[in-house]
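Just below is one structure, and these are the notes that go with it.
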Amino acid sequence: MSANTSSLSQYLEQLPGTTFRRLYQQPSTTFAIFRRMLPNLAKTIVMAILYMPTPFLLSDLEIWIKASAKREKDQAVSVLRSLHIVQRDASPTISLTPNFRNSLRLALEGGGDHNSFGVLSTQPIPYDIDLNFLDRYAQKKWDDILHFVVNSVGFSNGPGDRGSNGPKQSVKDLMIRGHLVERRGGGGISITQAGFTFLLQEANAQVWTLLLLWLESVDAIASAKGTDESLRGALDSVDMLSFFFLLASLELGRAYDTDALTEARRNMLPNLVDFGLVYVPPSNTRQFFPTRLATTLTSSEATLRSVSAGFAAAGNPTSSGAESTSNPTGTDPGQDKSAIILETNFRVYAYVNSPLQIAVLALFADLKYRFRGLVSGVLSRNSIRRAVDMGITSDQIVSYLATHAHEQMHRVAAASKKPVLPPVVVDQIRLWQLDTERMLATSGFLFKDFDDYKEYNEICNFADDIGVVAWRNDRKGMFFASKVDQIKDFMRTRKKVNESK
């Protein structure tokens with residue numbers, strides 16, 4: 001499972017059974033969880049017992065699945081139970097929970113008036129809204145969010161930096177509350193370790209990260225003391241999660257009726273617009289368009305790349321029909337090729353055009369030159385230490401370099417049966433981080449050579465009382481202090497007192 005599936009699974013596993021009963025009332029939610037959250041064996045078990053009139057015997061399950069796959073079987077059943085998809089009627093049998101069974105049947109067979117998969121708008125669609133428009137719109141919104149995280153370290157691509165405006169203030173506040181960035185002294189903000197991990201994720205996983213932060217924020221507000229009852233009723237995280245799954249089931253490029261949504265879901269649309277998941281035409285607020293970020297929320301692992309591929313296609317709207325025919329998925333064959341070359345002399349060459357990718361690379365490398373489609377730099381002790389000070393770990397840096405390594409590096413590594421990245425560079429990156437952990441440099445003053453132990457003890461205890469002692473050694477009669485002014489005043493006063501005696 002992907003990273004976003006893992007985090008979503010962790011969130012879902014914390015929910016009580018009553019919440020799942022509400023979620024499984026919607027066929028779109030049920031189908032999304034079945035399609036995205038379950039391993040293949042768990043899906044097979046669900047489909048096997050979906051239309052069974054009686055509970056399924058566990059002994060039959062043991063016979064049905066090979067003994068060599070016992071671990072996979074146990075994991076599948078464990079996932080089904082943690083998501084409250086199956087229930088144990090008696091010790092030897094299992095069956096699907098009623099709400100999940102009924103909703104999944106509706107999703108597969110159709111029928112009903114639940115409107116769980118959205119209601120198409122009957123109003124005319126503006127002529128300028130097409131797939132390319134929606135992709136460009138979503139890309140701009142999401143790039144603003146990513147640039148806000150990257151620019152929190154002070155990196156800028158100059159006056160033409162597209163991310164300079166940033167996302168809406170509500171999105172910024174959400175990212176601060178979610179500790180993707182944090183406020184520092186002087187009113188500035190800086191990236192955190194979680195923020196760097198966020199940058200390394202696929203767009204699909206990044207979207208889920210923000211959505212889950214939004215849900216947790218809503219839960220915190222609703223459970224806070226003094227929250228107005230009407231506000232608590234409007235903030236329903238279960239309905240919000242169900243709406244996210246509904247958006248994932250919609251069709252890209254189609255217009256949907258806003259009036260068919262409940263008032264609570266209509267109130268969610270402005271926030272989803274800020275994330276770039278939904279587009280609402282200013283000329284007609286009675287319809288909305290899901291973007292590729294929304295429709296791929298529950299996509300299978302193989303189609304996650306369609307987000308970046310769709311954005312690439314949007315950036316090249318003049319591509320010919322012949323190209324589209326030869327590549328029917330709409331993906332750019334070279335879009336996802338890795339582009340970083342790392343040499344044993346710590347030099348880095350990155351074949352990239354995206355200002356965002358260059359900004360991420362600048363977080364842990366000293367960039368020296370920039371050409372069209374190419375940037376070069378070097379990994380140094382200072383650049384790695386700067387990254388470590390921001391909360392970025394050496395493992396994250398190594399993982400990023402390996403993930404984005406140029407295909408030639410992969411071919412050479414496969415032919416020579418050696419690691420993709422030079423081991424000497426990988427080891428040095430980790431050693432540079434260890435340097436920051438082994439020793440902490442503190443500026444200050446060393447006090448020693450006192451006349452007697454009594455003098456040392458009085459002065460050291462005074463410094464300790466005012467909180468400036470960083471280290472002391474009573475046996476050797478010396479201590480290290482971060483500040484000296486108050487200690488000097490105390491020593492003068494003590495000397496005068498002793499001379500007056």
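Lettering and numbering for the structure tokens are positional, with chains as A, B, ... in the shown order, residues counted from 1 in each chain, and ligands counted from 1 in the shown order.
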Item to check | range 379-384 of chain A environment, 9 Å, only C-alpha atoms, sequence neighbours closer than 2 positions dropped, as a count of residues only | outcome: 24
Checklist entry - Which residues in range 55-232 of chain A does DSSP call helix (DSSP H, G or I)? List them as a ChimeraX atom specification. => result /A:58-64,67-82,98-109,131-153,162-164,169-177,185-187,193-200,203-223,229-232
Item to check | Distance of CA of Val497 in chain A from CA of Lys448 in chain A, expressed in Å to one decimal place | outcome: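 Straight-line distance from CA of Lys448 in chain A to CA of Val497 in chain A works out to 21.2 Å.
Residues within 8 Å of range 216-220 of chain A, counting only C-alpha atoms and excluding same-chain residues fewer than 2 positions away, are A:Leu174, A:Leu212, A:Leu213, A:Trp214, A:Ala222, A:Ser223, A:Ala224, A:Leu235, A:Asp236, A:Ser237.
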Write out, as a PDB file, in the first residue's frame, the residues just selected, with C-alpha atoms.
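This went into part-v8.pdb:
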```
ATOM      1  CA  LEU A 174      -3.860  24.376   8.671  1.00  0.00           C
ATOM      2  CA  LEU A 212      -6.665  14.277   7.333  1.00  0.00           C
ATOM      3  CA  LEU A 213      -5.174  17.344   9.021  1.00  0.00           C
ATOM      4  CA  TRP A 214      -8.436  19.130   8.230  1.00  0.00           C
ATOM      5  CA  ALA A 222     -15.909  20.082  17.889  1.00  0.00           C
ATOM      6  CA  SER A 223     -14.598  18.468  21.081  1.00  0.00           C
ATOM      7  CA  ALA A 224     -13.285  21.712  22.600  1.00  0.00           C
ATOM      8  CA  LEU A 235     -18.557  20.291  11.933  1.00  0.00           C
ATOM      9  CA  ASP A 236     -19.117  16.605  11.261  1.00  0.00           C
ATOM     10  CA  SER A 237     -15.857  14.854  10.392  1.00  0.00           C
TER      11      SER A 237
END
```
Set the distance at 10 Å and use only C-alpha atoms: which residues neighbour Gln87 in chain A once local chain neighbours fewer than 6 positions away are removed? I'd like the list as a PDB file with C-alpha atoms, in the first residue's frame.
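Everything below was put into selection.pdb:
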```
ATOM      1  CA  PRO A  55     -22.287 -16.799   7.335  1.00  0.00           C
ATOM      2  CA  LEU A  80     -11.327  -6.540   7.384  1.00  0.00           C
ATOM      3  CA  ARG A  81     -11.984  -6.588  11.113  1.00  0.00           C
ATOM      4  CA  THR A  93     -18.053 -18.054  11.185  1.00  0.00           C
ATOM      5  CA  ILE A  94     -17.658 -14.572   9.751  1.00  0.00           C
ATOM      6  CA  SER A  95     -20.022 -12.402   7.714  1.00  0.00           C
ATOM      7  CA  LEU A  96     -20.115  -8.895   6.269  1.00  0.00           C
ATOM      8  CA  THR A  97     -21.578  -6.138   8.408  1.00  0.00           C
ATOM      9  CA  PRO A  98     -25.111  -5.281   7.168  1.00  0.00           C
TER      10      PRO A  98
END
```
Checklist entry - For Ile466 in chain A, which residue out of A:Gln486, A:Phe447, A:Glu407, A:Gln26 is the nearest one, using only C-alpha atoms? => result A:Gln486
Checklist entry - So which one's closest to Leu356 in chain A, A:Arg492, A:His147, A:Arg472, A:His406? Using only C-alpha atoms, please. => result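 Of A:Arg492, A:His147, A:Arg472, A:His406, the one nearest Leu356 in chain A is A:His147, counting only C-alpha atoms.
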Next on the checklist: Under the rule that only C-alpha atoms are counted, which of A:Ser354, A:Ala405, A:Leu421, A:Leu120 is the nearest residue to Arg372 in chain A?
Outcome noted: A:Ser354
Checklist entry - Using only C-alpha atoms, which residues sit within 8 Å of Asp274 in chain A once same-chain residues fewer than 4 positions away are excluded, as a ChimeraX atom specification? => result /A:141,167-168,171,270
Checklist entry - From the list A:Asn498, A:Tyr279, A:Glu13, A:Asn151, which residue is nearest Val181 in chain A when using only C-alpha atoms? => result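 Using only C-alpha atoms, the shortest distance to Val181 in chain A belongs to A:Asn151.
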